[in-house]
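For reference, structure.txt is printed below; it contains compact mmCIF, C-alpha atoms.
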```
# COMPACT_ATOMS: atom_id res chain seq x y z
CA MET A 1 57.47 200.46 172.02
CA SER A 2 55.25 197.70 173.35
CA ALA A 3 55.35 194.61 175.51
CA ILE A 4 55.88 191.43 173.56
CA SER A 5 52.46 190.23 174.64
CA ASP A 6 50.98 193.19 172.76
CA LEU A 7 52.40 192.03 169.44
CA ALA A 8 49.88 190.16 167.33
CA GLN A 9 50.27 188.36 164.05
CA GLY A 10 50.04 190.77 161.14
CA ASP A 11 51.01 193.83 163.16
CA ALA A 12 53.28 196.19 161.28
CA LEU A 13 56.58 196.94 162.96
CA PRO A 14 57.23 200.59 162.23
CA GLU A 15 59.95 201.54 159.82
CA ILE A 16 63.17 202.80 161.39
CA THR A 17 65.96 204.45 159.40
CA PHE A 18 69.54 204.35 160.60
CA GLU A 19 72.58 206.18 159.26
CA ILE A 20 76.04 204.72 158.80
CA THR A 21 79.16 206.86 158.41
CA ARG A 22 82.75 205.92 157.69
CA ALA A 23 83.58 206.84 161.30
CA ASP A 24 80.94 204.36 162.48
CA LEU A 25 82.63 201.62 160.44
CA VAL A 26 86.01 202.43 162.01
CA ALA A 27 84.46 202.23 165.49
CA TYR A 28 82.63 199.03 164.61
CA ALA A 29 85.80 197.46 163.22
CA ALA A 30 87.54 198.11 166.53
CA ALA A 31 84.62 196.89 168.62
CA SER A 32 83.94 193.75 166.58
CA GLY A 33 87.51 192.84 165.64
CA ASP A 34 86.63 192.83 161.93
CA GLN A 35 89.36 194.99 160.48
CA ASN A 36 88.79 193.90 156.90
CA PRO A 37 90.08 196.96 154.99
CA ILE A 38 87.19 196.83 152.49
CA HIS A 39 85.14 198.47 155.26
CA GLN A 40 87.55 201.35 155.75
CA ASP A 41 89.85 201.83 152.78
CA GLU A 42 88.37 202.98 149.49
CA GLU A 43 91.45 202.07 147.45
CA ILE A 44 91.48 198.49 148.68
CA ALA A 45 87.71 198.15 148.30
CA LEU A 46 87.92 199.31 144.68
CA ALA A 47 90.98 197.14 144.03
CA VAL A 48 89.06 193.97 144.95
CA GLY A 49 86.17 194.96 142.70
CA LEU A 50 83.75 196.48 145.20
CA PRO A 51 81.87 199.70 144.40
CA GLY A 52 83.54 201.54 147.29
CA VAL A 53 83.82 201.25 151.06
CA ILE A 54 81.01 198.97 152.15
CA ALA A 55 79.50 198.53 155.58
CA HIS A 56 80.17 195.27 157.37
CA GLY A 57 77.19 193.01 156.70
CA MET A 58 77.17 192.54 160.43
CA TYR A 59 76.80 196.29 160.91
CA THR A 60 73.53 196.13 159.02
CA LEU A 61 72.44 193.06 160.95
CA ALA A 62 73.31 194.88 164.19
CA LEU A 63 70.89 197.61 163.09
CA VAL A 64 68.21 194.93 162.85
CA GLY A 65 69.15 194.06 166.43
CA ARG A 66 68.59 197.70 167.38
CA ALA A 67 65.21 197.67 165.63
CA LEU A 68 64.22 194.57 167.60
CA GLY A 69 65.13 196.47 170.75
CA GLU A 70 62.85 199.34 169.69
CA TRP A 71 59.94 197.10 168.70
CA ALA A 72 60.13 194.66 171.58
CA PRO A 73 62.34 196.08 174.34
CA GLY A 74 63.98 193.43 176.47
CA ALA A 75 62.69 190.57 174.33
CA GLU A 76 64.88 187.49 174.31
CA VAL A 77 66.14 186.94 170.77
CA VAL A 78 66.43 183.24 170.01
CA GLU A 79 67.36 183.45 166.37
CA LEU A 80 68.74 186.17 164.12
CA GLY A 81 70.34 186.02 160.73
CA SER A 82 70.31 186.93 157.09
CA LYS A 83 72.09 186.77 153.79
CA PHE A 84 74.00 189.85 152.72
CA VAL A 85 72.66 190.25 149.21
CA ALA A 86 73.71 193.78 148.27
CA PRO A 87 76.46 195.99 149.63
CA VAL A 88 75.69 199.13 151.63
CA VAL A 89 78.14 201.61 150.15
CA VAL A 90 79.18 204.23 152.69
CA PRO A 91 80.32 207.55 151.21
CA ALA A 92 83.42 209.39 152.40
CA GLU A 93 81.22 212.34 153.38
CA GLY A 94 77.72 212.04 154.75
CA ALA A 95 76.07 208.76 155.51
CA ALA A 96 74.45 205.68 154.04
CA ARG A 97 70.90 205.01 155.18
CA VAL A 98 69.47 201.64 156.12
CA THR A 99 65.75 201.21 156.69
CA VAL A 100 64.33 198.35 158.71
CA SER A 101 60.66 197.44 158.89
CA GLY A 102 58.76 194.31 159.66
CA THR A 103 55.59 192.41 160.29
CA VAL A 104 54.76 190.19 163.20
CA GLY A 105 54.45 186.58 162.10
CA GLU A 106 53.09 183.51 163.71
CA LEU A 107 53.41 182.66 167.39
CA THR A 108 54.50 179.03 167.65
CA ASP A 109 54.71 177.71 171.20
CA ASP A 110 56.26 180.77 172.82
CA LEU A 111 58.30 181.86 169.81
CA LEU A 112 57.33 184.81 167.69
CA ALA A 113 58.75 185.02 164.17
CA LEU A 114 59.19 188.46 162.64
CA ALA A 115 59.22 189.09 158.90
CA LEU A 116 61.70 191.81 158.05
CA LEU A 117 62.48 194.12 155.19
CA VAL A 118 65.88 195.79 155.22
CA THR A 119 66.76 198.22 152.45
CA SER A 120 69.28 200.88 151.57
CA ASP A 121 68.37 203.43 148.89
CA GLY A 122 65.40 201.25 147.97
CA THR A 123 67.52 198.16 147.41
CA LYS A 124 67.02 195.11 149.57
CA VAL A 125 70.35 194.54 151.35
CA LEU A 126 69.46 191.61 153.58
CA GLY A 127 68.12 188.42 152.04
CA ALA A 128 65.94 185.97 153.93
CA PRO A 129 66.28 187.98 157.14
CA ARG A 130 65.05 185.98 160.07
CA ALA A 131 64.42 187.05 163.63
CA THR A 132 62.65 185.05 166.27
CA ILE A 133 61.93 186.35 169.75
CA ARG A 134 60.49 184.63 172.77
CA GLY A 135 56.94 185.83 173.24
CA MET B 136 94.07 181.03 145.38
CA PRO B 137 91.18 178.58 145.58
CA ILE B 138 89.99 177.27 148.92
CA ASP B 139 90.65 173.57 149.31
CA ALA B 140 87.42 171.56 149.13
CA SER B 141 89.01 168.85 151.28
CA LEU B 142 88.54 171.23 154.23
CA VAL B 143 84.88 170.20 154.46
CA GLY B 144 84.27 168.51 157.79
CA ARG B 145 87.44 169.88 159.33
CA GLY B 146 87.12 171.29 162.84
CA PHE B 147 89.46 173.99 164.08
CA PRO B 148 90.63 174.43 167.67
CA PRO B 149 88.50 176.71 169.87
CA THR B 150 89.44 180.36 170.02
CA GLN B 151 91.18 181.84 173.05
CA PRO B 152 88.69 182.33 175.92
CA TYR B 153 87.04 185.74 175.52
CA PRO B 154 85.68 187.42 178.65
CA VAL B 155 82.60 189.53 177.91
CA THR B 156 83.13 192.88 179.64
CA THR B 157 80.85 195.87 180.04
CA ASP B 158 83.43 198.03 178.25
CA ALA B 159 83.49 195.73 175.21
CA VAL B 160 79.70 195.57 175.01
CA VAL B 161 79.32 199.33 175.41
CA ALA B 162 81.89 199.90 172.63
CA PHE B 163 80.06 197.45 170.39
CA ALA B 164 76.61 198.90 171.06
CA THR B 165 77.85 202.46 170.65
CA SER B 166 79.59 201.72 167.36
CA VAL B 167 76.25 200.79 165.79
CA GLY B 168 74.65 203.94 167.16
CA GLY B 169 72.95 202.26 170.09
CA SER B 170 73.51 202.05 173.81
CA PHE B 171 73.86 199.24 176.31
CA ASP B 172 71.32 198.71 179.02
CA VAL B 173 71.94 195.66 181.22
CA ALA B 174 68.21 195.09 181.65
CA ALA B 175 67.67 194.98 177.88
CA GLY B 176 70.54 192.54 177.38
CA LEU B 177 73.50 192.38 175.05
CA PRO B 178 73.16 193.39 171.40
CA PRO B 179 72.05 190.16 169.69
CA THR B 180 74.88 190.30 167.18
CA PHE B 181 77.56 190.63 169.88
CA PRO B 182 78.58 186.95 169.46
CA ILE B 183 80.09 187.98 166.12
CA VAL B 184 83.13 189.05 168.15
CA VAL B 185 84.07 185.45 168.99
CA THR B 186 82.65 184.12 165.73
CA PHE B 187 84.87 186.51 163.80
CA ALA B 188 87.88 185.47 165.89
CA ALA B 189 87.21 181.87 164.85
CA LEU B 190 86.77 182.88 161.20
CA GLN B 191 89.96 184.91 161.32
CA ASP B 192 91.93 181.99 162.81
CA PHE B 193 90.56 179.79 160.04
CA LEU B 194 91.48 182.28 157.30
CA ALA B 195 94.96 182.75 158.75
CA ALA B 196 95.45 178.96 158.91
CA GLU B 197 94.45 178.73 155.26
CA GLN B 198 96.50 181.81 154.34
CA VAL B 199 93.50 183.58 152.88
CA GLU B 200 93.74 187.34 152.54
CA LEU B 201 90.95 189.03 154.51
CA SER B 202 90.41 191.77 151.92
CA ARG B 203 89.29 189.10 149.42
CA ILE B 204 86.56 187.95 151.77
CA VAL B 205 83.00 189.22 151.77
CA HIS B 206 80.48 188.01 154.32
CA GLY B 207 77.72 186.17 152.49
CA ASP B 208 75.44 185.03 155.27
CA GLN B 209 75.35 185.00 159.06
CA ARG B 210 72.90 183.36 161.41
CA PHE B 211 72.82 182.96 165.16
CA ARG B 212 70.76 180.57 167.19
CA TYR B 213 70.90 181.39 170.88
CA GLU B 214 70.50 178.82 173.64
CA ARG B 215 70.41 181.52 176.29
CA PRO B 216 71.01 185.26 176.45
CA LEU B 217 74.68 186.16 176.82
CA VAL B 218 75.62 188.14 179.90
CA ILE B 219 78.50 190.28 181.10
CA GLY B 220 81.04 187.96 182.72
CA ASP B 221 80.56 185.11 180.25
CA VAL B 222 83.84 183.66 179.06
CA LEU B 223 83.32 182.47 175.51
CA THR B 224 85.14 180.31 173.02
CA ALA B 225 84.15 179.55 169.44
CA ALA B 226 84.98 176.27 167.71
CA LEU B 227 84.64 176.41 163.94
CA THR B 228 83.86 173.57 161.57
CA VAL B 229 83.92 173.93 157.79
CA THR B 230 80.63 172.58 156.48
CA GLY B 231 80.92 173.33 152.79
CA VAL B 232 83.16 174.67 150.05
CA ARG B 233 81.84 175.32 146.57
CA SER B 234 82.94 177.40 143.64
CA ILE B 235 80.60 179.76 141.80
CA GLY B 236 81.68 182.11 139.05
CA GLY B 237 85.32 182.26 140.14
CA ASN B 238 84.44 182.79 143.78
CA ASP B 239 84.77 180.19 146.51
CA ILE B 240 81.87 179.99 148.92
CA VAL B 241 82.86 178.61 152.31
CA SER B 242 80.20 177.59 154.82
CA THR B 243 81.08 177.32 158.48
CA THR B 244 79.42 176.58 161.78
CA SER B 245 80.92 177.89 165.03
CA GLU B 246 79.73 176.58 168.34
CA ILE B 247 80.10 179.24 170.98
CA ALA B 248 80.50 177.82 174.45
CA ASP B 249 80.68 179.35 177.91
CA ALA B 250 83.27 178.54 180.57
CA SER B 251 81.36 175.41 181.60
CA GLY B 252 81.54 174.13 178.03
CA ALA B 253 77.81 174.56 177.43
CA VAL B 254 76.93 175.81 173.96
CA VAL B 255 75.27 179.21 174.31
CA CYS B 256 75.01 180.12 170.64
CA THR B 257 75.52 178.46 167.30
CA ALA B 258 76.76 180.78 164.58
CA THR B 259 76.67 179.78 160.95
CA ALA B 260 78.57 181.93 158.49
CA THR B 261 79.12 181.86 154.78
CA LEU B 262 82.19 183.60 153.45
CA VAL B 263 82.65 184.53 149.83
CA HIS B 264 86.26 184.43 148.73
CA ARG B 265 86.38 186.69 145.72
CA GLY B 266 88.66 185.48 142.97
CA ALA B 267 91.33 187.82 141.65
CA THR B 268 89.92 190.46 139.33
CA ALA B 269 91.54 190.42 135.92
```
As structure tokens:
Amino acid sequence: MSAISDLAQGDALPEITFEITRADLVAYAAASGDQNPIHQDEEIALAVGLPGVIAHGMYTLALVGRALGEWAPGAEVVELGSKFVAPVVVPAEGAARVTVSGTVGELTDDLLALALLVTSDGTKVLGAPRATIRG
Amino acid sequence: MPIDASLVGRGFPPTQPYPVTTDAVVAFATSVGGSFDVAAGLPPTFPIVVTFAALQDFLAAEQVELSRIVHGDQRFRYERPLVIGDVLTAALTVTGVRSIGGNDIVSTTSEIADASGAVVCTATATLVHRGATA
């Protein structure tokens, strides 16, 4: 979207919505090595008390990584993380939607902190999300 | 099965060296709906691959069933961008175990090092071990 030098404190980082399907979770499980069945098998997910098949928390955080790539292409990410505060339930048919938006925070030395909001169906799914890029 | 609080402070052996290949990065990027462009760098969450290997070794050593685990928190601090050709290991240390509402919360830090032994990324993870449902 813009060079990092164009980002100024208070700038809104435009909202991006991503979709997650069960097939995506199967592909992600293979690519990441996380074959926890709660991300693929409804019966097991329900048996351990979850509301259904849930996306890997790291899938959602990877979507934040994609958003960073849209907002500040090629920026060096020096810090990224969050709490996983609510599950993203992925239906057997169709897709779950995750929306990522943000605001540019303070530039300290050469590091730019981004404030993020990550929701699914209006519920905040990432807690205390933190991303810092080199400005 | 509760997780033993005496694990706090215990370090686990580094994971098997993991060579970062273009194929692996493309598969990872594609699985989250993206694409891989060398100029733009690796997906920032790619180090979860070796972090998860370390977590999985830890869970296997403690005989914890993966399906009872939910990821509570994950943070990465990067010392440098990872590149294709890096050979990575992750060495996990348990930094905390506490029990809340029948669940055990395990905090870990994994230092991810390259072939020279330099730390390239520090990954902290919290795992929630869900107690058996009645």
Around all the atoms of stretch 79-95 of chain A listed in the file, with 5 Å of room on each side, what axis-aligned box do you get, giving centre and edge lengths in Å to one decimal, as lines of an AutoDock Vina configuration file?
```
center_x = 75.4
center_y = 197.9
center_z = 157.3
size_x = 26.1
size_y = 38.9
size_z = 28.1
```
Checklist line | Exercise: residues within 8 Å of coordinate (63.1, 194.2, 156.9), counting all atoms listed in the file, as a PyMOL selection string | finding: chain A and resi 64+99-102+115-119+126+129
Find the nearest atom pair between each residue of chain A and chain B for residues within 7 Å, count only C-alpha atoms, give distances in Å to one decimal, sort rows by chain and ascending number, and present the table as a Markdown table.
```
| residue | atom | partner | partner_atom | distance |
| --- | --- | --- | --- | --- |
| A:Asp24 | CA | B:Ser166 | CA | 5.7 |
| A:Ala27 | CA | B:Ser166 | CA | 5.2 |
| A:Tyr28 | CA | B:Ser166 | CA | 4.9 |
| A:Ala31 | CA | B:Phe163 | CA | 4.9 |
| A:Ser32 | CA | B:Val184 | CA | 5.0 |
| A:Gly33 | CA | B:Val184 | CA | 6.3 |
| A:Asp34 | CA | B:Phe187 | CA | 6.8 |
| A:Asn36 | CA | B:Ser202 | CA | 5.7 |
| A:Pro37 | CA | B:Ser202 | CA | 6.0 |
| A:Ile38 | CA | B:Ser202 | CA | 6.0 |
| A:Val48 | CA | B:Arg203 | CA | 6.6 |
| A:Gly49 | CA | B:Thr268 | CA | 6.8 |
| A:Gly57 | CA | B:His206 | CA | 6.4 |
| A:Tyr59 | CA | B:Val167 | CA | 6.7 |
| A:Ala62 | CA | B:Thr180 | CA | 5.7 |
| A:Leu63 | CA | B:Val167 | CA | 6.8 |
| A:Gly65 | CA | B:Pro179 | CA | 5.9 |
| A:Arg66 | CA | B:Gly169 | CA | 6.9 |
| A:Pro73 | CA | B:Ala175 | CA | 6.5 |
| A:Gly74 | CA | B:Ala175 | CA | 4.2 |
| A:Glu76 | CA | B:Pro216 | CA | 6.9 |
| A:Val77 | CA | B:Pro179 | CA | 6.8 |
| A:Val78 | CA | B:Tyr213 | CA | 4.9 |
| A:Glu79 | CA | B:Arg212 | CA | 4.5 |
| A:Leu80 | CA | B:Phe211 | CA | 5.3 |
| A:Gly81 | CA | B:Arg210 | CA | 3.8 |
| A:Ser82 | CA | B:Gln209 | CA | 5.7 |
| A:Lys83 | CA | B:Asp208 | CA | 4.1 |
| A:Phe84 | CA | B:Gly207 | CA | 5.2 |
```
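Between atom CA of B:Thr230 and atom CA of B:Gly252 there is a distance of 21.6 Å.
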Next item on the list: Go through B:Val255, B:Val263, B:Val241, B:Val229 one by one, measure the shortest atom-to-atom distance of each to B:Leu142 using only C-alpha atoms, and give the residue with the smallest value.
Entry: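 Closest to B:Leu142 of all the choices is B:Val229.
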Item checked: Test item: residues at most 8 Å from stretch 5-19 of chain A, only C-alpha atoms, excluding those fewer than 6 positions along its chain, as a ChimeraX atom specification -> /A:63,67,71,95-107,135
Checklist line | Separation of atom CA of B:Thr224 from atom CA of B:Phe193 in Å | finding: 14.1 Å
Checklist line | Within 10 Å of B:Asp249 using all atoms listed in the file, minus same-chain residues under 6 positions, as number ranges by chain | finding: B: 152-154, 217, 220-225, 255-256
Distance query B:Asp192 at most 10 Å, only C-alpha atoms, self and fewer than 2 positions along chain excluded, as a PDB file with C-alpha atoms, in the coordinates of the input:
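Contents of result09.pdb, freshly written:
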```pdb
ATOM      1  CA  PHE B 147      89.460 173.990 164.080  1.00  0.00           C
ATOM      2  CA  PRO B 148      90.630 174.430 167.670  1.00  0.00           C
ATOM      3  CA  PRO B 149      88.500 176.710 169.870  1.00  0.00           C
ATOM      4  CA  THR B 150      89.440 180.360 170.020  1.00  0.00           C
ATOM      5  CA  THR B 186      82.650 184.120 165.730  1.00  0.00           C
ATOM      6  CA  PHE B 187      84.870 186.510 163.800  1.00  0.00           C
ATOM      7  CA  ALA B 188      87.880 185.470 165.890  1.00  0.00           C
ATOM      8  CA  ALA B 189      87.210 181.870 164.850  1.00  0.00           C
ATOM      9  CA  LEU B 190      86.770 182.880 161.200  1.00  0.00           C
ATOM     10  CA  LEU B 194      91.480 182.280 157.300  1.00  0.00           C
ATOM     11  CA  ALA B 195      94.960 182.750 158.750  1.00  0.00           C
ATOM     12  CA  ALA B 196      95.450 178.960 158.910  1.00  0.00           C
ATOM     13  CA  GLU B 197      94.450 178.730 155.260  1.00  0.00           C
ATOM     14  CA  GLN B 198      96.500 181.810 154.340  1.00  0.00           C
ATOM     15  CA  LEU B 227      84.640 176.410 163.940  1.00  0.00           C
TER      16      LEU B 227
END
```
Check: What separation in Å, quoted to one decimal, exists between atom CA of A:Val90 and atom CA of A:Ser120?
Finding: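 Computing it gives 10.5 Å between the two atoms.
Counting all atoms listed in the file, the residue from A:Val88, A:Glu42, A:Ala72, A:Ala30 that sits nearest to A:Ala55 is A:Val88.
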Notebook entry, point to check: For A:Asp110, which of A:Ile54, A:Ala86, A:Ala128, A:Ile133 is the closest residue, counting all atoms listed in the file?
Noted result: A:Ile133
